[in-house]
file input.cif (mmCIF, C-alpha atoms)
data_protein
loop_
_atom_site.label_atom_id
_atom_site.label_comp_id
_atom_site.auth_asym_id
_atom_site.auth_seq_id
_atom_site.Cartn_x
_atom_site.Cartn_y
_atom_site.Cartn_z
CA MET A 1 -20.50 4.10 11.99
CA ASP A 2 -19.97 1.84 9.00
CA ASP A 3 -21.06 1.48 5.39
CA PHE A 4 -21.23 -1.75 3.41
CA GLY A 5 -21.53 -1.16 -0.32
CA ASP A 6 -22.56 1.93 -2.22
CA SER A 7 -25.92 2.87 -0.73
CA GLY A 8 -26.90 4.52 2.50
CA PRO A 9 -26.47 8.00 3.97
CA ALA A 10 -22.68 7.91 4.17
CA ALA A 11 -22.29 7.35 0.43
CA ALA A 12 -24.32 10.49 -0.38
CA MET A 13 -22.38 12.96 1.78
CA ALA A 14 -20.39 15.58 -0.09
CA LEU A 15 -16.82 16.57 0.60
CA TYR A 16 -15.73 19.93 1.90
CA PRO A 17 -13.76 21.95 -0.68
CA GLU A 18 -10.53 21.43 1.30
CA GLU A 19 -11.03 17.67 1.15
CA ALA A 20 -12.02 17.63 -2.52
CA ARG A 21 -8.78 19.40 -3.47
CA LEU A 22 -6.77 16.56 -1.96
CA ILE A 23 -8.20 13.92 -4.30
CA LYS A 24 -8.99 15.76 -7.53
CA GLN A 25 -6.28 13.79 -9.37
CA VAL A 26 -7.01 10.31 -7.98
CA LEU A 27 -9.01 7.46 -9.48
CA ALA A 28 -12.79 7.31 -9.03
CA GLU A 29 -12.66 4.28 -6.73
CA ARG A 30 -10.24 6.03 -4.39
CA ARG A 31 -12.40 9.19 -4.43
CA HIS A 32 -15.43 7.09 -3.49
CA GLU A 33 -13.60 5.47 -0.57
CA PHE A 34 -12.28 8.84 0.61
CA THR A 35 -15.77 10.37 0.46
CA THR A 36 -17.77 7.60 2.07
CA VAL A 37 -15.41 7.00 4.98
CA ARG A 38 -15.61 10.71 5.79
CA GLY A 39 -19.36 10.48 5.48
CA CYS A 40 -19.30 7.75 8.12
CA ALA A 41 -17.10 9.90 10.36
CA ARG A 42 -19.30 12.97 10.03
CA LEU A 43 -22.43 10.97 10.83
CA ALA A 44 -20.69 9.72 13.97
CA LEU A 45 -19.53 13.22 14.93
CA THR A 46 -23.04 14.57 14.50
CA ALA A 47 -24.48 11.76 16.62
CA LEU A 48 -22.12 12.82 19.43
CA GLY A 49 -23.13 16.48 19.11
CA LEU A 50 -19.75 17.45 17.66
CA PRO A 51 -19.15 19.62 14.57
CA ALA A 52 -18.99 17.85 11.18
CA ALA A 53 -15.79 19.58 10.10
CA PRO A 54 -13.40 18.81 7.22
CA LEU A 55 -11.22 15.79 8.06
CA LEU A 56 -7.81 16.56 6.63
CA PRO A 57 -4.60 14.53 6.98
CA GLY A 58 -2.20 15.64 9.66
CA HIS A 59 1.05 14.17 10.97
CA ARG A 60 1.96 10.96 9.09
CA GLY A 61 -1.38 11.11 7.28
CA ALA A 62 -3.57 10.58 10.36
CA PRO A 63 -6.84 12.54 10.17
CA ARG A 64 -7.10 15.74 12.19
CA TRP A 65 -10.27 15.56 14.25
CA PRO A 66 -12.34 18.52 15.48
CA GLU A 67 -11.56 19.94 18.90
CA GLY A 68 -12.91 17.63 21.57
CA ALA A 69 -12.97 14.52 19.38
CA VAL A 70 -10.75 11.53 18.76
CA GLY A 71 -11.34 8.95 16.10
CA SER A 72 -10.16 6.53 13.48
CA MET A 73 -11.22 5.63 9.95
CA THR A 74 -10.72 2.57 7.78
CA HIS A 75 -11.71 1.31 4.37
CA CYS A 76 -11.17 -1.71 2.19
CA GLN A 77 -13.02 -3.07 -0.81
CA GLY A 78 -16.74 -2.94 -0.10
CA TYR A 79 -16.43 -1.56 3.43
CA ARG A 80 -15.86 1.81 5.08
CA ALA A 81 -16.10 2.65 8.79
CA ALA A 82 -15.29 5.32 11.34
CA ALA A 83 -15.11 5.28 15.13
CA VAL A 84 -15.41 8.61 16.94
CA GLY A 85 -15.49 9.50 20.63
CA HIS A 86 -15.29 12.44 23.00
CA ALA A 87 -11.70 13.28 23.92
CA PHE A 88 -12.63 13.56 27.59
CA ARG A 89 -13.59 9.87 27.49
CA PHE A 90 -10.86 8.44 25.23
CA ARG A 91 -7.19 9.18 24.65
CA ALA A 92 -7.32 7.49 21.26
CA LEU A 93 -9.37 5.15 19.11
CA GLY A 94 -8.10 2.78 16.46
CA ILE A 95 -9.95 0.61 13.94
CA ASP A 96 -8.95 -1.35 10.86
CA ALA A 97 -10.67 -3.59 8.32
CA GLU A 98 -9.06 -6.11 5.99
CA PRO A 99 -10.30 -8.85 3.66
CA ASP A 100 -10.36 -12.25 5.35
CA GLU A 101 -7.65 -13.61 3.06
CA PRO A 102 -4.10 -14.79 3.76
CA LEU A 103 -1.34 -12.21 3.53
CA PRO A 104 1.03 -12.51 0.58
CA ARG A 105 4.08 -14.44 1.76
CA ALA A 106 6.47 -11.51 1.29
CA VAL A 107 4.26 -9.22 3.35
CA ALA A 108 3.78 -11.80 6.09
CA ALA A 109 7.55 -12.13 6.40
CA LYS A 110 7.75 -8.43 7.31
CA VAL A 111 4.73 -8.33 9.59
CA VAL A 112 4.83 -11.58 11.57
CA SER A 113 7.66 -12.38 13.98
CA PRO A 114 8.82 -15.99 14.55
CA GLU A 115 7.13 -15.98 17.97
CA GLU A 116 3.90 -14.70 16.50
CA ARG A 117 4.10 -17.24 13.68
CA ALA A 118 4.23 -20.08 16.20
CA ARG A 119 1.14 -18.72 17.94
CA LEU A 120 -0.68 -18.28 14.62
CA THR A 121 0.01 -21.93 13.80
CA ARG A 122 -1.74 -22.91 17.02
CA MET A 123 -4.65 -20.60 16.22
CA THR A 124 -5.00 -22.17 12.78
CA SER A 125 -5.20 -25.62 14.35
CA HIS A 126 -8.02 -24.27 16.52
CA ASP A 127 -9.91 -22.59 13.64
CA ALA A 128 -8.69 -22.78 10.05
CA THR A 129 -11.50 -20.58 8.71
CA VAL A 130 -9.79 -17.31 9.76
CA ALA A 131 -6.81 -15.81 7.91
CA TRP A 132 -4.84 -15.36 11.11
CA ASP A 133 -1.81 -13.71 9.55
CA ARG A 134 -4.03 -11.08 7.91
CA LEU A 135 -5.81 -10.59 11.24
CA LEU A 136 -2.45 -10.00 12.91
CA PHE A 137 -1.70 -7.37 10.24
CA CYS A 138 -5.12 -5.81 10.86
CA VAL A 139 -4.44 -5.58 14.59
CA LYS A 140 -1.00 -4.04 14.08
CA GLU A 141 -2.53 -1.40 11.82
CA THR A 142 -5.02 -0.66 14.60
CA VAL A 143 -2.23 -0.43 17.16
CA TYR A 144 -0.41 2.07 14.97
CA LYS A 145 -3.53 4.23 14.66
CA VAL A 146 -3.69 4.48 18.45
CA TRP A 147 0.04 4.95 18.95
CA SER A 148 0.77 7.52 16.24
CA PRO A 149 -1.49 10.40 17.35
CA LEU A 150 -0.19 10.12 20.91
CA ALA A 151 3.51 9.45 20.41
CA GLY A 152 3.86 11.21 17.06
CA SER A 153 6.51 8.69 16.03
CA TRP A 154 6.87 5.64 13.81
CA LEU A 155 5.93 2.21 15.12
CA GLY A 156 7.13 -0.68 12.98
CA TYR A 157 5.42 -4.04 12.66
CA GLU A 158 8.34 -5.53 14.57
CA ASP A 159 7.75 -3.10 17.47
CA ALA A 160 4.50 -4.72 18.63
CA ASP A 161 4.10 -8.31 19.80
CA VAL A 162 0.47 -9.34 19.31
CA ARG A 163 -1.36 -12.22 20.95
CA LEU A 164 -4.69 -13.09 19.36
CA ARG A 165 -7.27 -15.06 21.31
CA PRO A 166 -10.12 -17.17 19.92
CA ASP A 167 -12.63 -15.30 22.11
CA GLY A 168 -12.30 -12.20 19.93
CA THR A 169 -9.80 -10.28 22.07
CA PHE A 170 -6.13 -9.46 21.63
CA THR A 171 -3.20 -7.94 23.50
CA ALA A 172 -0.39 -5.95 21.89
CA ARG A 173 2.81 -5.54 23.88
CA ILE A 174 4.75 -2.52 22.63
CA LEU A 175 8.48 -3.21 22.47
CA VAL A 176 9.70 0.40 22.25
CA PRO A 177 9.12 3.30 24.68
CA ALA A 178 6.55 5.93 23.77
CA ARG A 179 7.95 9.45 23.97
CA THR A 180 6.76 12.81 22.75
CA ALA A 181 8.85 14.92 20.37
CA GLU A 182 10.22 16.63 23.49
CA GLY A 183 11.37 13.30 24.91
CA VAL A 184 8.72 13.01 27.60
CA ARG A 185 7.76 9.40 28.24
CA LEU A 186 4.09 8.60 27.69
CA GLU A 187 2.51 6.22 30.19
CA GLY A 188 -0.22 3.74 29.45
CA LEU A 189 0.99 2.67 26.02
CA GLU A 190 3.11 -0.31 27.06
CA THR A 191 0.26 -2.77 26.47
CA LEU A 192 -2.83 -2.20 24.37
CA THR A 193 -5.89 -4.43 24.37
CA GLY A 194 -8.76 -4.64 21.94
CA ARG A 195 -11.26 -6.78 20.13
CA TRP A 196 -11.42 -8.45 16.73
CA ARG A 197 -14.13 -10.01 14.62
CA ALA A 198 -14.34 -12.07 11.44
CA ALA A 199 -17.61 -11.57 9.53
CA ARG A 200 -18.93 -11.26 5.97
CA GLY A 201 -15.52 -11.93 4.45
CA LEU A 202 -13.88 -9.19 6.52
CA LEU A 203 -11.53 -8.96 9.47
CA LEU A 204 -12.17 -6.08 11.88
CA SER A 205 -10.17 -4.91 14.88
CA ALA A 206 -10.63 -2.06 17.33
CA ILE A 207 -8.91 -0.45 20.31
CA ALA A 208 -10.51 2.12 22.59
CA LEU A 209 -7.93 3.67 24.94
CA PRO A 210 -9.70 5.35 27.88
CA ASN A 211 -8.70 8.80 29.05
CA PRO A 212 -7.47 8.40 32.65
CA ALA A 213 -8.84 11.85 33.48
CA GLY A 214 -12.29 11.02 32.10
CA PRO A 215 -15.19 8.91 33.34
CA HIS A 216 -13.39 5.62 32.62
CA GLY A 217 -10.44 6.60 34.77
CA GLU A 218 -12.31 8.00 37.75
#
call {"tool": "encode", "arguments": {"input": "input.cif", "output": "structure tokens"}}
result
Amino acid sequence: MDDFGDSGPAAAMALYPEEARLIKQVLAERRHEFTTVRGCARLALTALGLPAAPLLPGHRGAPRWPEGAVGSMTHCQGYRAAAVGHAFRFRALGIDAEPDEPLPRAVAAKVVSPEERARLTRMTSHDATVAWDRLLFCVKETVYKVWSPLAGSWLGYEDADVRLRPDGTFTARILVPARTAEGVRLEGLETLTGRWRAARGLLLSAIALPNPAGPHGE
């Protein structure tokens, strides 16, 4: 579920008191983003027949979803979106949106490895209309949103090697092992695949990680 601009059902949805307390001291623009992205999420939850509960930050700021749901939210200037699914179908979902503009040089130096930079140069020669370094950043943010709820640990930009493809797909090879807080290794997180899109001045990326025990894994 997404929302471009300030109109539409998501923009009109009110916050729960628990959510409102979190942002009572923030600027109006940030309150609007916080409210509308949760409106998108609650519309998606309702469409799946799941409860439209308060969406409060949990570990490392990731939203805590109602029992039986997994999801991800994103917002940037002029755009808010949420992806929600049944937990029996998906282990995790990740989405991110960014403006289709080049990354500041100092940020790019932290996000893009030399190997990735070489690949981005080739992508630029193929299509110079996409801000490929910003797209790489967008994808790594999406990867983190999938990784964090499962592993419960930090994943740096340098810990994922991303290959973007002109057909709108990508692969992220994770360079560190995924383990729970108890040290148990998590399988299925070594390589993540997803899709990206450039449209309306935005870069969008998404990963849907199937639940092996659910319909996708049967």
call {"tool": "residues_around", "arguments": {"input": "input.cif", "residues": "Val84 in chain A", "least_positions_apart": "3", "cutoff": "8 Å", "atoms": "all atoms listed in the file", "output": "VMD selection string"}}
result
chain A and resid 41 44 to 45 69 to 72 93
call {"tool": "atom_distance", "arguments": {"input": "input.cif", "atom1": "CA of Ala118 in chain A", "atom2": "CA of Trp154 in chain A"}}
result
26.0 Å
call {"tool": "resolve_selection", "arguments": {"input": "input.cif", "expression": "the PyMOL selection byres ((chain A and resi 123) around 12)", "output": "list in words"}}
result
Glu116, Arg117, Ala118, Arg119, Leu120, Thr121, Arg122, Thr124, Ser125, His126, Asp127, Ala128, Thr129, Val130, Ala131, Trp132, Asp133, Leu135, Leu136, Arg163, Leu164, Arg165, Pro166, Asp167 and Gly168 of chain A
call {"tool": "closest_atom_pairs", "arguments": {"input": "input.cif", "of": "range 158-217 of chain A", "to": "range 137-152 of chain A", "cutoff": "10 Å", "atoms": "all atoms listed in the file", "output": "Markdown table"}}
result
| residue | atom | partner | partner_atom | distance |
| --- | --- | --- | --- | --- |
| A:Glu158 | CA | A:Lys140 | CA | 9.5 |
| A:Asp159 | CA | A:Lys140 | CA | 9.4 |
| A:Ala160 | CA | A:Lys140 | CA | 7.2 |
| A:Asp161 | CA | A:Lys140 | CA | 8.8 |
| A:Val162 | CA | A:Lys140 | CA | 7.6 |
| A:Arg163 | CA | A:Val139 | CA | 9.7 |
| A:Leu164 | CA | A:Val139 | CA | 8.9 |
| A:Phe170 | CA | A:Val139 | CA | 8.2 |
| A:Thr171 | CA | A:Val139 | CA | 9.3 |
| A:Ala172 | CA | A:Val143 | CA | 7.5 |
| A:Arg173 | CA | A:Val143 | CA | 9.8 |
| A:Ile174 | CA | A:Val143 | CA | 9.1 |
| A:Pro177 | CA | A:Ala151 | CA | 9.4 |
| A:Ala178 | CA | A:Ala151 | CA | 5.7 |
| A:Arg179 | CA | A:Ala151 | CA | 5.7 |
| A:Thr180 | CA | A:Ala151 | CA | 5.2 |
| A:Ala181 | CA | A:Gly152 | CA | 7.0 |
| A:Gly183 | CA | A:Ala151 | CA | 9.8 |
| A:Val184 | CA | A:Ala151 | CA | 9.6 |
| A:Arg185 | CA | A:Ala151 | CA | 8.9 |
| A:Leu186 | CA | A:Ala151 | CA | 7.4 |
| A:Leu189 | CA | A:Trp147 | CA | 7.5 |
| A:Thr191 | CA | A:Val143 | CA | 9.9 |
| A:Leu192 | CA | A:Val143 | CA | 7.4 |
| A:Thr193 | CA | A:Val143 | CA | 9.0 |
| A:Gly194 | CA | A:Val139 | CA | 8.6 |
| A:Arg195 | CA | A:Val139 | CA | 8.9 |
| A:Trp196 | CA | A:Val139 | CA | 7.8 |
| A:Leu203 | CA | A:Cys138 | CA | 7.3 |
| A:Leu204 | CA | A:Cys138 | CA | 7.1 |
| A:Ser205 | CA | A:Val139 | CA | 5.8 |
| A:Ala206 | CA | A:Thr142 | CA | 6.4 |
| A:Ile207 | CA | A:Thr142 | CA | 6.9 |
| A:Ala208 | CA | A:Val146 | CA | 8.3 |
| A:Leu209 | CA | A:Val146 | CA | 7.8 |
call {"tool": "write_last_selection", "arguments": {"input": "input.cif", "atoms": "C-alpha atoms", "output": "compact mmCIF listing (two decimals), in the coordinates of the input"}}
result
# COMPACT_ATOMS: atom_id res chain seq x y z
CA GLU A 158 8.34 -5.53 14.57
CA ASP A 159 7.75 -3.10 17.47
CA ALA A 160 4.50 -4.72 18.63
CA ASP A 161 4.10 -8.31 19.80
CA VAL A 162 0.47 -9.34 19.31
CA ARG A 163 -1.36 -12.22 20.95
CA LEU A 164 -4.69 -13.09 19.36
CA PHE A 170 -6.13 -9.46 21.63
CA THR A 171 -3.20 -7.94 23.50
CA ALA A 172 -0.39 -5.95 21.89
CA ARG A 173 2.81 -5.54 23.88
CA ILE A 174 4.75 -2.52 22.63
CA PRO A 177 9.12 3.30 24.68
CA ALA A 178 6.55 5.93 23.77
CA ARG A 179 7.95 9.45 23.97
CA THR A 180 6.76 12.81 22.75
CA ALA A 181 8.85 14.92 20.37
CA GLY A 183 11.37 13.30 24.91
CA VAL A 184 8.72 13.01 27.60
CA ARG A 185 7.76 9.40 28.24
CA LEU A 186 4.09 8.60 27.69
CA LEU A 189 0.99 2.67 26.02
CA THR A 191 0.26 -2.77 26.47
CA LEU A 192 -2.83 -2.20 24.37
CA THR A 193 -5.89 -4.43 24.37
CA GLY A 194 -8.76 -4.64 21.94
CA ARG A 195 -11.26 -6.78 20.13
CA TRP A 196 -11.42 -8.45 16.73
CA LEU A 203 -11.53 -8.96 9.47
CA LEU A 204 -12.17 -6.08 11.88
CA SER A 205 -10.17 -4.91 14.88
CA ALA A 206 -10.63 -2.06 17.33
CA ILE A 207 -8.91 -0.45 20.31
CA ALA A 208 -10.51 2.12 22.59
CA LEU A 209 -7.93 3.67 24.94
call {"tool": "resolve_selection", "arguments": {"input": "input.cif", "expression": "the PyMOL selection byres ((chain A and resi 52) around 12)", "output": "list of chain:residue names"}}
result
A:Met13, A:Ala14, A:Leu15, A:Tyr16, A:Arg38, A:Gly39, A:Cys40, A:Ala41, A:Arg42, A:Leu43, A:Ala44, A:Leu45, A:Thr46, A:Ala47, A:Leu48, A:Gly49, A:Leu50, A:Pro51, A:Ala53, A:Pro54, A:Leu55, A:Trp65, A:Pro66, A:Glu67, A:Ala69, A:Val84
call {"tool": "resolve_selection", "arguments": {"input": "input.cif", "expression": "the PyMOL selection byres ((chain A and resi 57) around 12)", "output": "PyMOL selection string"}}
result
chain A and resi 18-19+22-23+34+38+54-56+58-65+72-73+149
call {"tool": "atom_distance", "arguments": {"input": "input.cif", "atom1": "CA of Gly156 in chain A", "atom2": "CA of Val111 in chain A"}}
result
8.7 Å
call {"tool": "atom_distance", "arguments": {"input": "input.cif", "atom1": "CA of Glu187 in chain A", "atom2": "CA of Phe90 in chain A"}}
result
14.4 Å
call {"tool": "closest_residue", "arguments": {"input": "input.cif", "among": "A:Arg197, A:Arg80, A:Arg134, A:His75", "to": "Asp100 in chain A", "atoms": "only C-alpha atoms"}}
result
A:Arg134
call {"tool": "closest_residue", "arguments": {"input": "input.cif", "among": "A:Asp96, A:Thr35, A:Glu101, A:Ala87", "to": "Thr74 in chain A", "atoms": "all atoms listed in the file"}}
result
A:Asp96
call {"tool": "build_atoms", "arguments": {"input": "input.cif", "residues": "range 94-121 of chain A", "atoms": "N, CA and C atoms", "output": "PDB file, keeping the file's coordinate frame"}}
result
ATOM      1  N   GLY A  94      -8.691   3.348  17.651  1.00  0.00           N
ATOM      2  CA  GLY A  94      -8.100   2.780  16.460  1.00  0.00           C
ATOM      3  C   GLY A  94      -8.975   1.667  15.906  1.00  0.00           C
ATOM      4  N   ILE A  95      -9.212   1.689  14.595  1.00  0.00           N
ATOM      5  CA  ILE A  95      -9.950   0.610  13.940  1.00  0.00           C
ATOM      6  C   ILE A  95      -9.266   0.267  12.628  1.00  0.00           C
ATOM      7  N   ASP A  96      -9.449  -0.967  12.174  1.00  0.00           N
ATOM      8  CA  ASP A  96      -8.950  -1.350  10.860  1.00  0.00           C
ATOM      9  C   ASP A  96      -9.813  -2.484  10.323  1.00  0.00           C
ATOM     10  N   ALA A  97      -9.928  -2.534   9.004  1.00  0.00           N
ATOM     11  CA  ALA A  97     -10.670  -3.590   8.320  1.00  0.00           C
ATOM     12  C   ALA A  97      -9.813  -4.137   7.190  1.00  0.00           C
ATOM     13  N   GLU A  98      -9.828  -5.445   7.032  1.00  0.00           N
ATOM     14  CA  GLU A  98      -9.060  -6.110   5.990  1.00  0.00           C
ATOM     15  C   GLU A  98      -9.894  -7.266   5.428  1.00  0.00           C
ATOM     16  N   PRO A  99      -9.646  -7.654   4.187  1.00  0.00           N
ATOM     17  CA  PRO A  99     -10.300  -8.850   3.660  1.00  0.00           C
ATOM     18  C   PRO A  99      -9.818 -10.096   4.406  1.00  0.00           C
ATOM     19  N   ASP A 100     -10.716 -11.033   4.627  1.00  0.00           N
ATOM     20  CA  ASP A 100     -10.360 -12.250   5.350  1.00  0.00           C
ATOM     21  C   ASP A 100      -9.672 -13.216   4.382  1.00  0.00           C
ATOM     22  N   GLU A 101      -8.465 -12.846   3.998  1.00  0.00           N
ATOM     23  CA  GLU A 101      -7.650 -13.610   3.060  1.00  0.00           C
ATOM     24  C   GLU A 101      -6.214 -13.649   3.557  1.00  0.00           C
ATOM     25  N   PRO A 102      -5.482 -14.721   3.294  1.00  0.00           N
ATOM     26  CA  PRO A 102      -4.100 -14.790   3.760  1.00  0.00           C
ATOM     27  C   PRO A 102      -3.249 -13.659   3.201  1.00  0.00           C
ATOM     28  N   LEU A 103      -2.293 -13.217   4.002  1.00  0.00           N
ATOM     29  CA  LEU A 103      -1.340 -12.210   3.530  1.00  0.00           C
ATOM     30  C   LEU A 103      -0.437 -12.817   2.457  1.00  0.00           C
ATOM     31  N   PRO A 104      -0.026 -12.035   1.476  1.00  0.00           N
ATOM     32  CA  PRO A 104       1.030 -12.510   0.580  1.00  0.00           C
ATOM     33  C   PRO A 104       2.270 -12.887   1.397  1.00  0.00           C
ATOM     34  N   ARG A 105       2.972 -13.911   0.967  1.00  0.00           N
ATOM     35  CA  ARG A 105       4.080 -14.440   1.760  1.00  0.00           C
ATOM     36  C   ARG A 105       5.139 -13.382   2.061  1.00  0.00           C
ATOM     37  N   ALA A 106       5.440 -12.531   1.091  1.00  0.00           N
ATOM     38  CA  ALA A 106       6.470 -11.510   1.290  1.00  0.00           C
ATOM     39  C   ALA A 106       6.039 -10.491   2.336  1.00  0.00           C
ATOM     40  N   VAL A 107       4.763 -10.170   2.350  1.00  0.00           N
ATOM     41  CA  VAL A 107       4.260  -9.220   3.350  1.00  0.00           C
ATOM     42  C   VAL A 107       4.260  -9.866   4.723  1.00  0.00           C
ATOM     43  N   ALA A 108       3.816 -11.103   4.806  1.00  0.00           N
ATOM     44  CA  ALA A 108       3.780 -11.800   6.090  1.00  0.00           C
ATOM     45  C   ALA A 108       5.167 -11.887   6.715  1.00  0.00           C
ATOM     46  N   ALA A 109       6.188 -12.039   5.882  1.00  0.00           N
ATOM     47  CA  ALA A 109       7.550 -12.130   6.400  1.00  0.00           C
ATOM     48  C   ALA A 109       7.977 -10.847   7.103  1.00  0.00           C
ATOM     49  N   LYS A 110       7.412  -9.720   6.689  1.00  0.00           N
ATOM     50  CA  LYS A 110       7.750  -8.430   7.310  1.00  0.00           C
ATOM     51  C   LYS A 110       6.891  -8.127   8.518  1.00  0.00           C
ATOM     52  N   VAL A 111       5.700  -8.689   8.561  1.00  0.00           N
ATOM     53  CA  VAL A 111       4.730  -8.330   9.590  1.00  0.00           C
ATOM     54  C   VAL A 111       4.764  -9.268  10.785  1.00  0.00           C
ATOM     55  N   VAL A 112       4.980 -10.558  10.535  1.00  0.00           N
ATOM     56  CA  VAL A 112       4.830 -11.580  11.570  1.00  0.00           C
ATOM     57  C   VAL A 112       6.194 -12.023  12.074  1.00  0.00           C
ATOM     58  N   SER A 113       6.415 -11.913  13.384  1.00  0.00           N
ATOM     59  CA  SER A 113       7.660 -12.380  13.980  1.00  0.00           C
ATOM     60  C   SER A 113       7.637 -13.900  14.135  1.00  0.00           C
ATOM     61  N   PRO A 114       8.810 -14.530  14.339  1.00  0.00           N
ATOM     62  CA  PRO A 114       8.820 -15.990  14.550  1.00  0.00           C
ATOM     63  C   PRO A 114       7.941 -16.418  15.733  1.00  0.00           C
ATOM     64  N   GLU A 115       7.968 -15.634  16.815  1.00  0.00           N
ATOM     65  CA  GLU A 115       7.130 -15.980  17.970  1.00  0.00           C
ATOM     66  C   GLU A 115       5.647 -15.882  17.622  1.00  0.00           C
ATOM     67  N   GLU A 116       5.292 -14.834  16.906  1.00  0.00           N
ATOM     68  CA  GLU A 116       3.900 -14.700  16.500  1.00  0.00           C
ATOM     69  C   GLU A 116       3.496 -15.792  15.524  1.00  0.00           C
ATOM     70  N   ARG A 117       4.401 -16.173  14.636  1.00  0.00           N
ATOM     71  CA  ARG A 117       4.100 -17.240  13.680  1.00  0.00           C
ATOM     72  C   ARG A 117       3.766 -18.535  14.392  1.00  0.00           C
ATOM     73  N   ALA A 118       4.513 -18.856  15.439  1.00  0.00           N
ATOM     74  CA  ALA A 118       4.230 -20.080  16.200  1.00  0.00           C
ATOM     75  C   ALA A 118       2.840 -20.018  16.818  1.00  0.00           C
ATOM     76  N   ARG A 119       2.469 -18.858  17.338  1.00  0.00           N
ATOM     77  CA  ARG A 119       1.140 -18.720  17.940  1.00  0.00           C
ATOM     78  C   ARG A 119       0.049 -18.794  16.877  1.00  0.00           C
ATOM     79  N   LEU A 120       0.304 -18.212  15.694  1.00  0.00           N
ATOM     80  CA  LEU A 120      -0.680 -18.280  14.620  1.00  0.00           C
ATOM     81  C   LEU A 120      -0.903 -19.715  14.159  1.00  0.00           C
ATOM     82  N   THR A 121       0.148 -20.513  14.167  1.00  0.00           N
ATOM     83  CA  THR A 121       0.010 -21.930  13.800  1.00  0.00           C
ATOM     84  C   THR A 121      -0.947 -22.631  14.756  1.00  0.00           C
TER      85      THR A 121
END
